[in-house]
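So this block is structure32.pdb, PDB, C-alpha atoms and all ligand atoms:
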```
MODEL        1
ATOM      1  CA  MET A  12      16.338   3.489  12.140  1.00  0.00           C
ATOM      2  CA  LEU A  13      15.712   3.634   8.393  1.00  0.00           C
ATOM      3  CA  THR A  14      16.340   0.232   6.889  1.00  0.00           C
ATOM      4  CA  PRO A  15      18.699  -0.336   3.946  1.00  0.00           C
ATOM      5  CA  GLU A  16      15.677  -1.235   1.824  1.00  0.00           C
ATOM      6  CA  GLU A  17      13.880   1.985   2.756  1.00  0.00           C
ATOM      7  CA  LEU A  18      17.004   4.037   2.100  1.00  0.00           C
ATOM      8  CA  THR A  19      17.502   2.441  -1.313  1.00  0.00           C
ATOM      9  CA  GLU A  20      13.924   3.243  -2.318  1.00  0.00           C
ATOM     10  CA  ILE A  21      14.116   6.779  -0.946  1.00  0.00           C
ATOM     11  CA  GLN A  22      17.397   7.491  -2.701  1.00  0.00           C
ATOM     12  CA  ALA A  23      15.921   6.258  -5.986  1.00  0.00           C
ATOM     13  CA  GLU A  24      13.073   8.778  -5.566  1.00  0.00           C
ATOM     14  CA  LEU A  25      15.392  11.599  -4.543  1.00  0.00           C
ATOM     15  CA  ALA A  26      17.403  11.190  -7.748  1.00  0.00           C
ATOM     16  CA  ARG A  27      14.530  12.933  -9.519  1.00  0.00           C
ATOM     17  CA  TYR A  28      14.885  16.121  -7.474  1.00  0.00           C
ATOM     18  CA  GLU A  29      17.501  18.888  -7.365  1.00  0.00           C
ATOM     19  CA  GLN A  30      17.245  19.123  -3.596  1.00  0.00           C
ATOM     20  CA  LYS A  31      16.621  16.258  -1.226  1.00  0.00           C
ATOM     21  CA  ARG A  32      13.680  18.055   0.343  1.00  0.00           C
ATOM     22  CA  GLY A  33      11.902  18.038  -3.021  1.00  0.00           C
ATOM     23  CA  GLY A  34      11.313  14.328  -2.572  1.00  0.00           C
ATOM     24  CA  CYS A  35      10.121  14.533   1.005  1.00  0.00           C
ATOM     25  CA  ILE A  36       6.557  13.410   0.284  1.00  0.00           C
ATOM     26  CA  GLU A  37       7.757  10.369  -1.638  1.00  0.00           C
ATOM     27  CA  ALA A  38      10.178   9.619   1.199  1.00  0.00           C
ATOM     28  CA  LEU A  39       7.355   9.817   3.745  1.00  0.00           C
ATOM     29  CA  LYS A  40       5.158   7.578   1.579  1.00  0.00           C
ATOM     30  CA  THR A  41       7.991   5.077   1.288  1.00  0.00           C
ATOM     31  CA  VAL A  42       8.419   4.874   5.041  1.00  0.00           C
ATOM     32  CA  GLN A  43       4.685   4.529   5.541  1.00  0.00           C
ATOM     33  CA  ARG A  44       4.471   1.767   2.944  1.00  0.00           C
ATOM     34  CA  HIS A  45       7.025  -0.197   4.945  1.00  0.00           C
ATOM     35  CA  ARG A  46       5.848   0.611   8.481  1.00  0.00           C
ATOM     36  CA  GLY A  47       2.173   1.473   8.128  1.00  0.00           C
ATOM     37  CA  TRP A  48       2.663   4.855   9.813  1.00  0.00           C
ATOM     38  CA  ILE A  49       5.346   7.453  10.616  1.00  0.00           C
ATOM     39  CA  SER A  50       6.476   7.799  14.217  1.00  0.00           C
ATOM     40  CA  ASP A  51       8.110  10.941  15.669  1.00  0.00           C
ATOM     41  CA  GLU A  52      11.443   9.113  15.828  1.00  0.00           C
ATOM     42  CA  THR A  53      11.251   8.003  12.214  1.00  0.00           C
ATOM     43  CA  LEU A  54      10.195  11.457  11.118  1.00  0.00           C
ATOM     44  CA  ALA A  55      13.188  13.034  12.897  1.00  0.00           C
ATOM     45  CA  GLU A  56      15.596  10.572  11.315  1.00  0.00           C
ATOM     46  CA  LEU A  57      14.083  11.080   7.883  1.00  0.00           C
ATOM     47  CA  ALA A  58      14.200  14.867   8.302  1.00  0.00           C
ATOM     48  CA  ASP A  59      17.908  14.646   9.092  1.00  0.00           C
ATOM     49  CA  PHE A  60      18.471  12.508   6.007  1.00  0.00           C
ATOM     50  CA  LEU A  61      16.530  15.005   3.855  1.00  0.00           C
ATOM     51  CA  GLU A  62      18.429  17.981   5.352  1.00  0.00           C
ATOM     52  CA  MET A  63      15.228  19.392   6.826  1.00  0.00           C
ATOM     53  CA  THR A  64      14.217  20.122  10.387  1.00  0.00           C
ATOM     54  CA  PRO A  65      11.729  17.765  12.051  1.00  0.00           C
ATOM     55  CA  ALA A  66       9.306  20.708  12.247  1.00  0.00           C
ATOM     56  CA  GLU A  67       9.528  21.300   8.491  1.00  0.00           C
ATOM     57  CA  LEU A  68       8.981  17.649   7.640  1.00  0.00           C
ATOM     58  CA  GLY A  69       6.321  17.349  10.316  1.00  0.00           C
ATOM     59  CA  SER A  70       4.344  20.201   8.782  1.00  0.00           C
ATOM     60  CA  VAL A  71       4.443  18.457   5.396  1.00  0.00           C
ATOM     61  CA  SER A  72       3.358  15.167   6.933  1.00  0.00           C
ATOM     62  CA  THR A  73       0.392  16.664   8.754  1.00  0.00           C
ATOM     63  CA  PHE A  74      -0.764  18.583   5.674  1.00  0.00           C
ATOM     64  CA  TYR A  75      -1.371  15.369   3.734  1.00  0.00           C
ATOM     65  CA  ASN A  76      -4.111  13.392   5.404  1.00  0.00           C
ATOM     66  CA  LEU A  77      -3.033  10.113   3.818  1.00  0.00           C
ATOM     67  CA  LEU A  78       0.207  10.188   5.788  1.00  0.00           C
ATOM     68  CA  PHE A  79      -0.479   8.615   9.161  1.00  0.00           C
ATOM     69  CA  ARG A  80       1.306   9.958  12.262  1.00  0.00           C
ATOM     70  CA  LYS A  81      -0.297   7.455  14.612  1.00  0.00           C
ATOM     71  CA  PRO A  82      -0.501   3.664  14.335  1.00  0.00           C
ATOM     72  CA  VAL A  83      -3.318   2.452  12.105  1.00  0.00           C
ATOM     73  CA  GLY A  84      -4.935  -0.918  11.521  1.00  0.00           C
ATOM     74  CA  ARG A  85      -4.052  -3.303   8.707  1.00  0.00           C
ATOM     75  CA  HIS A  86      -6.735  -1.629   6.600  1.00  0.00           C
ATOM     76  CA  VAL A  87      -7.691   2.034   6.654  1.00  0.00           C
ATOM     77  CA  ILE A  88     -11.248   3.013   5.808  1.00  0.00           C
ATOM     78  CA  LEU A  89     -11.562   6.610   4.663  1.00  0.00           C
ATOM     79  CA  VAL A  90     -15.140   7.817   4.898  1.00  0.00           C
ATOM     80  CA  CYS A  91     -16.035  10.887   2.861  1.00  0.00           C
ATOM     81  CA  THR A  92     -17.694  13.349   5.201  1.00  0.00           C
ATOM     82  CA  SER A  93     -18.171  16.125   2.651  1.00  0.00           C
ATOM     83  CA  VAL A  94     -21.544  17.539   1.679  1.00  0.00           C
ATOM     84  CA  SER A  95     -22.474  15.447  -1.375  1.00  0.00           C
ATOM     85  CA  CYS A  96     -21.784  12.174   0.383  1.00  0.00           C
ATOM     86  CA  TRP A  97     -23.522  13.269   3.537  1.00  0.00           C
ATOM     87  CA  VAL A  98     -26.636  14.341   1.601  1.00  0.00           C
ATOM     88  CA  MET A  99     -26.630  10.974  -0.196  1.00  0.00           C
ATOM     89  CA  GLY A 100     -26.743   8.940   2.997  1.00  0.00           C
ATOM     90  CA  MET A 101     -23.261   8.687   4.417  1.00  0.00           C
ATOM     91  CA  GLY A 102     -24.610   9.336   7.909  1.00  0.00           C
ATOM     92  CA  ASP A 103     -26.608   6.089   7.954  1.00  0.00           C
ATOM     93  CA  LEU A 104     -23.846   4.125   6.243  1.00  0.00           C
ATOM     94  CA  LEU A 105     -21.258   5.405   8.703  1.00  0.00           C
ATOM     95  CA  GLU A 106     -23.486   4.546  11.642  1.00  0.00           C
ATOM     96  CA  HIS A 107     -23.811   1.005  10.293  1.00  0.00           C
ATOM     97  CA  ILE A 108     -20.029   0.645   9.843  1.00  0.00           C
ATOM     98  CA  GLU A 109     -19.339   2.026  13.323  1.00  0.00           C
ATOM     99  CA  LYS A 110     -21.784  -0.434  14.879  1.00  0.00           C
ATOM    100  CA  LYS A 111     -20.486  -3.361  12.843  1.00  0.00           C
ATOM    101  CA  LEU A 112     -16.844  -2.663  13.722  1.00  0.00           C
ATOM    102  CA  GLY A 113     -17.517  -1.432  17.258  1.00  0.00           C
ATOM    103  CA  ILE A 114     -15.528   1.743  16.776  1.00  0.00           C
ATOM    104  CA  ASN A 115     -16.135   5.417  16.066  1.00  0.00           C
ATOM    105  CA  LEU A 116     -14.456   7.655  13.516  1.00  0.00           C
ATOM    106  CA  GLY A 117     -10.794   8.061  14.389  1.00  0.00           C
ATOM    107  CA  GLU A 118     -10.536   4.684  16.104  1.00  0.00           C
ATOM    108  CA  THR A 119      -8.990   1.291  15.359  1.00  0.00           C
ATOM    109  CA  THR A 120     -10.644  -2.069  16.020  1.00  0.00           C
ATOM    110  CA  ALA A 121      -9.246  -4.016  18.966  1.00  0.00           C
ATOM    111  CA  ASP A 122      -7.910  -6.702  16.633  1.00  0.00           C
ATOM    112  CA  GLY A 123      -6.016  -4.102  14.594  1.00  0.00           C
ATOM    113  CA  ARG A 124      -7.935  -4.994  11.453  1.00  0.00           C
ATOM    114  CA  PHE A 125      -9.516  -1.632  10.587  1.00  0.00           C
ATOM    115  CA  THR A 126      -8.968   2.052  11.288  1.00  0.00           C
ATOM    116  CA  LEU A 127     -11.917   4.293  10.462  1.00  0.00           C
ATOM    117  CA  LEU A 128     -11.049   7.854   9.459  1.00  0.00           C
ATOM    118  CA  PRO A 129     -12.975  10.854   8.129  1.00  0.00           C
ATOM    119  CA  ASN A 130     -11.838  12.367   4.871  1.00  0.00           C
ATOM    120  CA  VAL A 131     -12.841  15.388   2.839  1.00  0.00           C
ATOM    121  CA  CYS A 132     -14.124  14.788  -0.696  1.00  0.00           C
ATOM    122  CA  LEU A 133     -12.603  11.683  -2.243  1.00  0.00           C
ATOM    123  CA  GLY A 134     -13.156  13.080  -5.737  1.00  0.00           C
ATOM    124  CA  ALA A 135     -15.945  10.747  -6.773  1.00  0.00           C
ATOM    125  CA  CYS A 136     -18.991  12.802  -5.781  1.00  0.00           C
ATOM    126  CA  ASP A 137     -21.042  11.362  -8.653  1.00  0.00           C
ATOM    127  CA  ARG A 138     -20.870   8.002  -6.862  1.00  0.00           C
ATOM    128  CA  ALA A 139     -21.828   9.357  -3.435  1.00  0.00           C
ATOM    129  CA  PRO A 140     -21.741   8.199  -0.737  1.00  0.00           C
ATOM    130  CA  VAL A 141     -18.124   7.183  -1.207  1.00  0.00           C
ATOM    131  CA  LEU A 142     -15.545   5.472   0.952  1.00  0.00           C
ATOM    132  CA  MET A 143     -12.101   4.103   0.367  1.00  0.00           C
ATOM    133  CA  ILE A 144     -10.482   1.047   1.915  1.00  0.00           C
ATOM    134  CA  ASP A 145      -6.721   1.128   1.504  1.00  0.00           C
ATOM    135  CA  SER A 146      -6.448   2.124  -2.187  1.00  0.00           C
ATOM    136  CA  ASP A 147      -9.854   0.752  -3.253  1.00  0.00           C
ATOM    137  CA  LEU A 148     -12.680   3.211  -3.897  1.00  0.00           C
ATOM    138  CA  TYR A 149     -16.303   2.179  -3.297  1.00  0.00           C
ATOM    139  CA  GLY A 150     -19.233   4.234  -4.524  1.00  0.00           C
ATOM    140  CA  ASP A 151     -22.785   4.067  -3.261  1.00  0.00           C
ATOM    141  CA  PRO A 152     -22.550   0.847  -1.253  1.00  0.00           C
ATOM    142  CA  ASP A 153     -25.661  -0.111   0.687  1.00  0.00           C
ATOM    143  CA  VAL A 154     -25.647  -1.773   4.083  1.00  0.00           C
ATOM    144  CA  LYS A 155     -25.568  -5.303   2.635  1.00  0.00           C
ATOM    145  CA  THR A 156     -22.871  -4.476   0.099  1.00  0.00           C
ATOM    146  CA  ILE A 157     -20.649  -2.810   2.674  1.00  0.00           C
ATOM    147  CA  ASP A 158     -20.790  -5.904   4.879  1.00  0.00           C
ATOM    148  CA  GLU A 159     -19.587  -8.012   1.942  1.00  0.00           C
ATOM    149  CA  ILE A 160     -16.906  -5.485   1.090  1.00  0.00           C
ATOM    150  CA  LEU A 161     -15.590  -5.382   4.653  1.00  0.00           C
ATOM    151  CA  ALA A 162     -15.505  -9.175   4.792  1.00  0.00           C
ATOM    152  CA  GLY A 163     -12.984  -9.093   1.947  1.00  0.00           C
ATOM    153  CA  TYR A 164     -10.392  -7.343   4.111  1.00  0.00           C
ATOM    154  CA  VAL A 165      -8.848  -9.700   6.674  1.00  0.00           C
TER     155      VAL A 165
HETATM  156  S1  LIG A 201     -18.295  14.736  -1.524  1.00  0.00           S
HETATM  157 FE1  LIG A 201     -17.823  12.624  -1.169  1.00  0.00          FE
HETATM  158  S2  LIG A 201     -16.590  12.088  -2.846  1.00  0.00           S
HETATM  159 FE2  LIG A 201     -16.954  14.193  -3.150  1.00  0.00          FE
ENDMDL
END
```

Exercise: express the given structure as structure tokens:
Amino acid sequence: MLTPEELTEIQAELARYEQKRGGCIEALKTVQRHRGWISDETLAELADFLEMTPAELGSVSTFYNLLFRKPVGRHVILVCTSVSCWVMGMGDLLEHIEKKLGINLGETTADGRFTLLPNVCLGACDRAPVLMIDSDLYGDPDVKTIDEILAGYV
């Protein structure tokens, strides 16, 4: 069930749109900010509130890869798997991260600390290879630097 706090925030966003559905992405982001991800049940309830069908809202939610439809860890690592980053060494960096965390792309650590996800270009190709942890962008980290960076996320 959407909480009063979530509803208040969503309604504040919707005030900027002529139709409720216009604010559907902001509504989805609001729910995710509170819950970490968007379950089928939550999506159906939100769709009803936005006067959309679950299929319509579901298609929006799956189009944007920063909206999570499955549970994720406390921190989400987005690894750029596009060409520039791959050419600049993302393969080796990714292999190191996978070994260090004991997971593969698409998985979450057993302690729920990290989820590791692939992502198309993160828009910082000049700093390749690039990854993002939560909302923090990191360009050209080496193996030692990435270990220090990861240690900062508990
Ligand atoms: S290709 Fe990786 S940030 Fe653009």

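Using only C-alpha atoms and all ligand atoms as the basis for the distance check, residues found within 8 Å of ligand LIG 201 (chain A) are Cys91, Thr92, Ser93, Val94, Ser95, Cys96, Trp97, Val131, Cys132, Leu133, Gly134, Ala135, Cys136, Asp137, Arg138, Ala139, Pro140, Val141 and Leu142 of chain A.
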
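Across the model, the gap from atom CA of A:Glu37 to atom CA of A:Tyr75 is 11.7 Å.
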
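Here the PyMOL selection byres (((chain A and resi 125) around 10) and not hetatm) matches the residues Val83, Gly84, Arg85, His86, Val87, Ile88, Leu112, Ile114, Glu118, Thr119, Thr120, Ala121, Asp122, Gly123, Arg124, Thr126, Leu127, Leu128, Ile144, Asp145, Leu161, Tyr164 and Val165 of chain A.
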
Residues of the last selection are to be written out with C-alpha atoms, as a PDB file, in the frame of the given file.
```pdb
ATOM      1  CA  VAL A  83      -3.318   2.452  12.105  1.00  0.00           C
ATOM      2  CA  GLY A  84      -4.935  -0.918  11.521  1.00  0.00           C
ATOM      3  CA  ARG A  85      -4.052  -3.303   8.707  1.00  0.00           C
ATOM      4  CA  HIS A  86      -6.735  -1.629   6.600  1.00  0.00           C
ATOM      5  CA  VAL A  87      -7.691   2.034   6.654  1.00  0.00           C
ATOM      6  CA  ILE A  88     -11.248   3.013   5.808  1.00  0.00           C
ATOM      7  CA  LEU A 112     -16.844  -2.663  13.722  1.00  0.00           C
ATOM      8  CA  ILE A 114     -15.528   1.743  16.776  1.00  0.00           C
ATOM      9  CA  GLU A 118     -10.536   4.684  16.104  1.00  0.00           C
ATOM     10  CA  THR A 119      -8.990   1.291  15.359  1.00  0.00           C
ATOM     11  CA  THR A 120     -10.644  -2.069  16.020  1.00  0.00           C
ATOM     12  CA  ALA A 121      -9.246  -4.016  18.966  1.00  0.00           C
ATOM     13  CA  ASP A 122      -7.910  -6.702  16.633  1.00  0.00           C
ATOM     14  CA  GLY A 123      -6.016  -4.102  14.594  1.00  0.00           C
ATOM     15  CA  ARG A 124      -7.935  -4.994  11.453  1.00  0.00           C
ATOM     16  CA  THR A 126      -8.968   2.052  11.288  1.00  0.00           C
ATOM     17  CA  LEU A 127     -11.917   4.293  10.462  1.00  0.00           C
ATOM     18  CA  LEU A 128     -11.049   7.854   9.459  1.00  0.00           C
ATOM     19  CA  ILE A 144     -10.482   1.047   1.915  1.00  0.00           C
ATOM     20  CA  ASP A 145      -6.721   1.128   1.504  1.00  0.00           C
ATOM     21  CA  LEU A 161     -15.590  -5.382   4.653  1.00  0.00           C
ATOM     22  CA  TYR A 164     -10.392  -7.343   4.111  1.00  0.00           C
ATOM     23  CA  VAL A 165      -8.848  -9.700   6.674  1.00  0.00           C
TER      24      VAL A 165
END
```

Padding 5 Å on every side, please: axis-aligned box over the listed atoms of stretch 91-101 of chain A, centre and edge lengths to one decimal in Å, as lines of an AutoDock Vina configuration file.
```
center_x = -21.4
center_y = 13.1
center_z = 1.9
size_x = 20.7
size_y = 18.9
size_z = 16.6
```

Extract, using all atoms listed in the file, all DNA, RNA and protein residues at most 7 Å from A:Arg32, discarding same-chain residues fewer than 4 positions from it, and format them as a compact mmCIF listing (two decimals) with C-alpha atoms, in the frame of the given file.
```txt
# COMPACT_ATOMS: atom_id res chain seq x y z
CA LEU A 61 16.53 15.00 3.86
CA GLU A 62 18.43 17.98 5.35
CA MET A 63 15.23 19.39 6.83
```

task: Tell me which residues the PyMOL selection byres (((chain A and resi 160) around 12) and not hetatm) grabs here, as a list in words.
output: Ile88, Ile108, Leu142, Met143, Ile144, Asp147, Leu148, Tyr149, Gly150, Pro152, Asp153, Val154, Lys155, Thr156, Ile157, Asp158, Glu159, Leu161, Ala162, Gly163, Tyr164 and Val165 of chain A

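Counting only C-alpha atoms and comparing A:Ile21, A:Val90, A:Leu78, A:Ala66, the residue that lies closest to A:Gly33 is A:Ile21.
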
message: Using Å and a single decimal, report how far atom CA of A:Thr64 sits from atom CA of A:Leu25.
response: 17.2 Å

field: Spatial neighbours of stretch 38-53 of chain A, max dist 6 Å, only C-alpha atoms, sep filter under 4 positions, as a list in words
entry: Ile21, Phe79, Arg80 and Pro82 of chain A

Save out the residues we just selected, C-alpha atoms, as a CSV table (one decimal), keeping the file's coordinate frame.
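Resulting contents of selection00.csv:
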```csv
chain,number,residue,atom,x,y,z
A,21,ILE,CA,14.1,6.8,-0.9
A,79,PHE,CA,-0.5,8.6,9.2
A,80,ARG,CA,1.3,10.0,12.3
A,82,PRO,CA,-0.5,3.7,14.3
```

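Minimum atom-to-atom distances from A:Glu109, A:Leu89, A:Lys81, A:Ile36 to A:Glu24 were compared using only C-alpha atoms, and the lowest value belongs to A:Ile36.
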
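Atom pair atom CA of A:Val71 / atom CA of A:Leu54 has a distance of 10.7 Å (rounded to one decimal).
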
- prompt: Pick the closest to A:Cys35 from A:Thr14, A:Ser146, A:Ser70, A:Asn115: which is it, counting all atoms listed in the file?
  reply: A:Ser70

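Considering only C-alpha atoms, the residue among A:Asn130, A:Asp151, A:Leu68, A:Ala55 positioned nearest to A:Met101 is A:Asp151.
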